[in-house]
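Read the structure below first, then the notes.
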Amino acid sequence: MRPGGMLVQKRSENCSDFAAMVPRFRVRVVFGAMRYEISISSQATFGELKKLLTADSGLQPGEQRLIYRGKERQNGDYLDRCGVKDHSKVILMEDPEFRERRLIEMRRNAKIQAAHRLIDDVLMEVDKLAEQVCAIEKSITHGNKVPELQITTLIEMLMRQAVKLDIISAEGDACEKKSLQGKRVEKCVETLDVLKLSNARIKPVIVTTNWETFDPPQAIAKWELFD
């Protein structure tokens, strides 16, 4: 009894004993086509129910909306005070704002992945062309003249890859990846421009073949002698 004559219930000092006294019931939760049955304390809140639903629904508590008797319940609302009883049905819905944000994020991720695939395709082509640039550079360095058409064609092929990179819409780490490949293409083209000038200064090697001629042997007539 408190001072003033008001009677109050004395709780056990042992919290586990007090929790054992609180009745539990099973709440049926409907989430679209899914059905869950959650065991929970009758004195729990809807916020605590959301935490228990996270594992089954895959939604975080902040992404959930719980509807009971046609009304959305707040996190601080108590189940028993709202009339929830054993086997009562509660409807779980995904928060519309979160769903919209999630869809936007999914579309953004899909766009980034598509950009990565396109950039990877360009990367493979640039790798092949870069090998040809190295081969031409090695040949010219050793004084071997390379057909100018071969250099010009290689420059054109690199510029095509540059155009492909320009039309790729990239963001995030894909943007950095795109920029890196663009610099590779630019460096290869600059190298070929320099090699083109060096190649023009190389004099072609003219190979002449002198054939040694021989006079045909004179025919010697052999006469058969008769007695």
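Residue numbers start at 1 in each chain; chains themselves are named A, B, ... in the order of the structure tokens; ligands are numbered from 1 in the order shown.
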
Which residues of segment 157-186 of chain A have any atom within 7 Å of an atom in segment 115-124 of chain A when counting only C-alpha atoms, and what is the closest pair of atoms for each, with the distance in Å to one decimal? Order the rows by chain and rising number and write it as a tab-separated table.
residue	atom	partner	partner_atom	distance
A:Gln161	CA	A:Val122	CA	6.2
A:Leu165	CA	A:Ile119	CA	7.0
A:Ile168	CA	A:Ala115	CA	6.4
A:Ser169	CA	A:Ala115	CA	6.6
A:Ala170	CA	A:Ala115	CA	5.7
A:Ala174	CA	A:His116	CA	5.9
A:Lys178	CA	A:Ile119	CA	6.3
A:Gln181	CA	A:Leu123	CA	6.7

Could you dump the residues just selected with N, CA, C and O atoms as a PDB file, in the first residue's frame?
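The result, written out as again.pdb:
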ATOM      1  N   GLN A 161      36.658   2.402 -80.369  1.00  0.00           N
ATOM      2  CA  GLN A 161      36.469   2.022 -78.970  1.00  0.00           C
ATOM      3  C   GLN A 161      36.243   3.263 -78.105  1.00  0.00           C
ATOM      4  O   GLN A 161      35.472   3.227 -77.134  1.00  0.00           O
ATOM      5  N   LEU A 165      32.995   4.079 -75.637  1.00  0.00           N
ATOM      6  CA  LEU A 165      33.094   4.514 -74.248  1.00  0.00           C
ATOM      7  C   LEU A 165      32.294   5.791 -74.010  1.00  0.00           C
ATOM      8  O   LEU A 165      31.652   5.957 -72.967  1.00  0.00           O
ATOM      9  N   ILE A 168      28.553   5.280 -73.298  1.00  0.00           N
ATOM     10  CA  ILE A 168      28.180   4.498 -72.117  1.00  0.00           C
ATOM     11  C   ILE A 168      27.856   5.450 -70.970  1.00  0.00           C
ATOM     12  O   ILE A 168      28.671   6.275 -70.586  1.00  0.00           O
ATOM     13  N   SER A 169      26.660   5.316 -70.440  1.00  0.00           N
ATOM     14  CA  SER A 169      26.260   6.127 -69.284  1.00  0.00           C
ATOM     15  C   SER A 169      26.684   5.396 -68.017  1.00  0.00           C
ATOM     16  O   SER A 169      26.165   4.330 -67.700  1.00  0.00           O
ATOM     17  N   ALA A 170      27.639   5.966 -67.299  1.00  0.00           N
ATOM     18  CA  ALA A 170      28.192   5.294 -66.125  1.00  0.00           C
ATOM     19  C   ALA A 170      28.131   6.205 -64.916  1.00  0.00           C
ATOM     20  O   ALA A 170      28.169   7.423 -65.024  1.00  0.00           O
ATOM     21  N   ALA A 174      31.770   2.519 -61.850  1.00  0.00           N
ATOM     22  CA  ALA A 174      31.790   2.297 -63.294  1.00  0.00           C
ATOM     23  C   ALA A 174      32.309   3.531 -64.024  1.00  0.00           C
ATOM     24  O   ALA A 174      32.953   3.413 -65.072  1.00  0.00           O
ATOM     25  N   LYS A 178      35.407   3.563 -66.585  1.00  0.00           N
ATOM     26  CA  LYS A 178      35.260   4.106 -67.939  1.00  0.00           C
ATOM     27  C   LYS A 178      36.354   5.120 -68.225  1.00  0.00           C
ATOM     28  O   LYS A 178      36.953   5.120 -69.306  1.00  0.00           O
ATOM     29  N   GLN A 181      39.771   3.437 -68.960  1.00  0.00           N
ATOM     30  CA  GLN A 181      39.886   2.872 -70.307  1.00  0.00           C
ATOM     31  C   GLN A 181      40.000   3.968 -71.360  1.00  0.00           C
ATOM     32  O   GLN A 181      40.695   3.800 -72.367  1.00  0.00           O
TER      33      GLN A 181
END

Excluding same-chain residues fewer than 6 positions from Lys128 of chain A, what lies within 12 Å of it counting only C-alpha atoms, as a PDB file with C-alpha atoms, in the first residue's frame?
ATOM      1  CA  ASP A 121      33.712  -5.468 -73.663  1.00  0.00           C
ATOM      2  CA  VAL A 122      35.671  -2.362 -74.629  1.00  0.00           C
ATOM      3  CA  CYS A 134      53.478  -2.807 -78.717  1.00  0.00           C
ATOM      4  CA  ALA A 135      54.356  -5.039 -81.663  1.00  0.00           C
ATOM      5  CA  LEU A 154      44.974   0.624 -85.853  1.00  0.00           C
ATOM      6  CA  MET A 157      40.050   0.898 -84.518  1.00  0.00           C
ATOM      7  CA  LEU A 158      41.108   2.569 -81.265  1.00  0.00           C
ATOM      8  CA  GLN A 161      36.469   2.022 -78.970  1.00  0.00           C
ATOM      9  CA  VAL A 185      42.844   4.480 -75.630  1.00  0.00           C
ATOM     10  CA  CYS A 188      47.683   4.223 -77.459  1.00  0.00           C
TER      11      CYS A 188
END

Handout entry: DSSP alpha helix (DSSP H) residues within segment 68-224 of chain A, as a VMD selection string
Key = chain A and resid 96 to 141 148 to 166 173 to 200

Problem - All residues 9 Å or closer to Lys89 of chain A, only C-alpha atoms, same chain fewer than 6 positions away omitted, as a list in words - result: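 Here the qualifying residues turn out to be Val27, Arg28, Val29, Val30, Tyr68 and Arg69 of chain A.
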
Include C-alpha atoms and write out the residues we just selected as a tab-separated table (two decimals), in the first residue's frame.
chain	number	residue	atom	x	y	z
A	27	VAL	CA	-0.44	-13.89	-33.69
A	28	ARG	CA	-1.25	-14.74	-37.29
A	29	VAL	CA	0.48	-12.35	-39.67
A	30	VAL	CA	-0.50	-12.01	-43.33
A	68	TYR	CA	-4.91	-4.42	-37.17
A	69	ARG	CA	-8.67	-4.02	-37.48

Practice task
Identify which of the residues A:Glu48, A:Leu79, A:Ser41, A:Met93 lies closest to Leu66 of chain A, counting only C-alpha atoms when measuring atom-to-atom distances.
Solution key: A:Met93

Fill in the blank from the handout: The residue from A:Ile67, A:Met34, A:Asn75, A:Met106 with the smallest atom-to-atom distance to Lys51 of chain A, counting only C-alpha atoms, is A:Asn75

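For the residues A:Leu92, A:Thr191, A:Pro204, A:Ala44, ranking by smallest atom-to-atom distance to Lys138 of chain A using only C-alpha atoms places A:Thr191 first.
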
Exercise for the section: Compare A:Glu156, A:Glu190, A:Glu37, A:Glu171 by their minimum atom-to-atom distance to His87 of chain A, counting only C-alpha atoms, and give me the closest one. Expected result: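 Checking each of A:Glu156, A:Glu190, A:Glu37, A:Glu171 against His87 of chain A, counting only C-alpha atoms, the winner is A:Glu37.
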
Practice task
Determine which residues of segment 75-187 of chain A receive a DSSP assignment of strand (DSSP E or B), computed from the backbone, and state them as an MDAnalysis selection string.
Solution key: chainID A and resid 78 89:94

Could you please take those selected residues and save C-alpha atoms as a PDB file, in the first residue's frame?
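Printed below is result15.pdb as written:
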ATOM      1  CA  TYR A  78       0.577  -2.467 -26.933  1.00  0.00           C
ATOM      2  CA  LYS A  89      -4.812 -11.637 -37.580  1.00  0.00           C
ATOM      3  CA  VAL A  90      -2.432  -8.773 -38.272  1.00  0.00           C
ATOM      4  CA  ILE A  91      -1.646  -7.560 -41.786  1.00  0.00           C
ATOM      5  CA  LEU A  92       1.955  -6.749 -42.656  1.00  0.00           C
ATOM      6  CA  MET A  93       2.666  -4.311 -45.472  1.00  0.00           C
ATOM      7  CA  GLU A  94       5.885  -2.926 -46.898  1.00  0.00           C
TER       8      GLU A  94
END

Handout entry: Gln150 of chain A environment, 12 Å, only C-alpha atoms, sequence neighbours closer than 5 positions dropped, as a PyMOL selection string
Key = chain A and resi 129+132-133+135-136+145+155-157+192+195-196+199

Handout entry: Distance query segment 70-73 of chain A at most 9 Å, only C-alpha atoms, self and fewer than 5 positions along chain excluded, as a list in words
Key =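 Non-adjacent residues within range: Phe46, Gly47, Arg65, Cys82 and Ile91 of chain A.
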
Could those residues be written to a file, using N, CA, C and O atoms, as a PDB file, in the first residue's frame?
ATOM      1  N   PHE A  46       3.698  -3.374 -30.783  1.00  0.00           N
ATOM      2  CA  PHE A  46       3.760  -3.668 -32.216  1.00  0.00           C
ATOM      3  C   PHE A  46       5.183  -3.470 -32.742  1.00  0.00           C
ATOM      4  O   PHE A  46       5.583  -4.127 -33.703  1.00  0.00           O
ATOM      5  N   GLY A  47       5.941  -2.599 -32.089  1.00  0.00           N
ATOM      6  CA  GLY A  47       7.341  -2.432 -32.474  1.00  0.00           C
ATOM      7  C   GLY A  47       8.145  -3.692 -32.221  1.00  0.00           C
ATOM      8  O   GLY A  47       9.011  -4.072 -33.024  1.00  0.00           O
ATOM      9  N   ARG A  65       4.822  -1.921 -42.029  1.00  0.00           N
ATOM     10  CA  ARG A  65       3.596  -1.286 -41.535  1.00  0.00           C
ATOM     11  C   ARG A  65       2.661  -2.401 -41.079  1.00  0.00           C
ATOM     12  O   ARG A  65       2.411  -3.345 -41.831  1.00  0.00           O
ATOM     13  N   CYS A  82      -4.718  -2.910 -27.722  1.00  0.00           N
ATOM     14  CA  CYS A  82      -5.382  -2.713 -29.017  1.00  0.00           C
ATOM     15  C   CYS A  82      -6.367  -3.833 -29.320  1.00  0.00           C
ATOM     16  O   CYS A  82      -6.993  -3.836 -30.393  1.00  0.00           O
ATOM     17  N   ILE A  91      -2.112  -7.672 -40.399  1.00  0.00           N
ATOM     18  CA  ILE A  91      -1.646  -7.560 -41.786  1.00  0.00           C
ATOM     19  C   ILE A  91      -0.335  -6.789 -41.825  1.00  0.00           C
ATOM     20  O   ILE A  91      -0.224  -5.694 -41.261  1.00  0.00           O
TER      21      ILE A  91
END
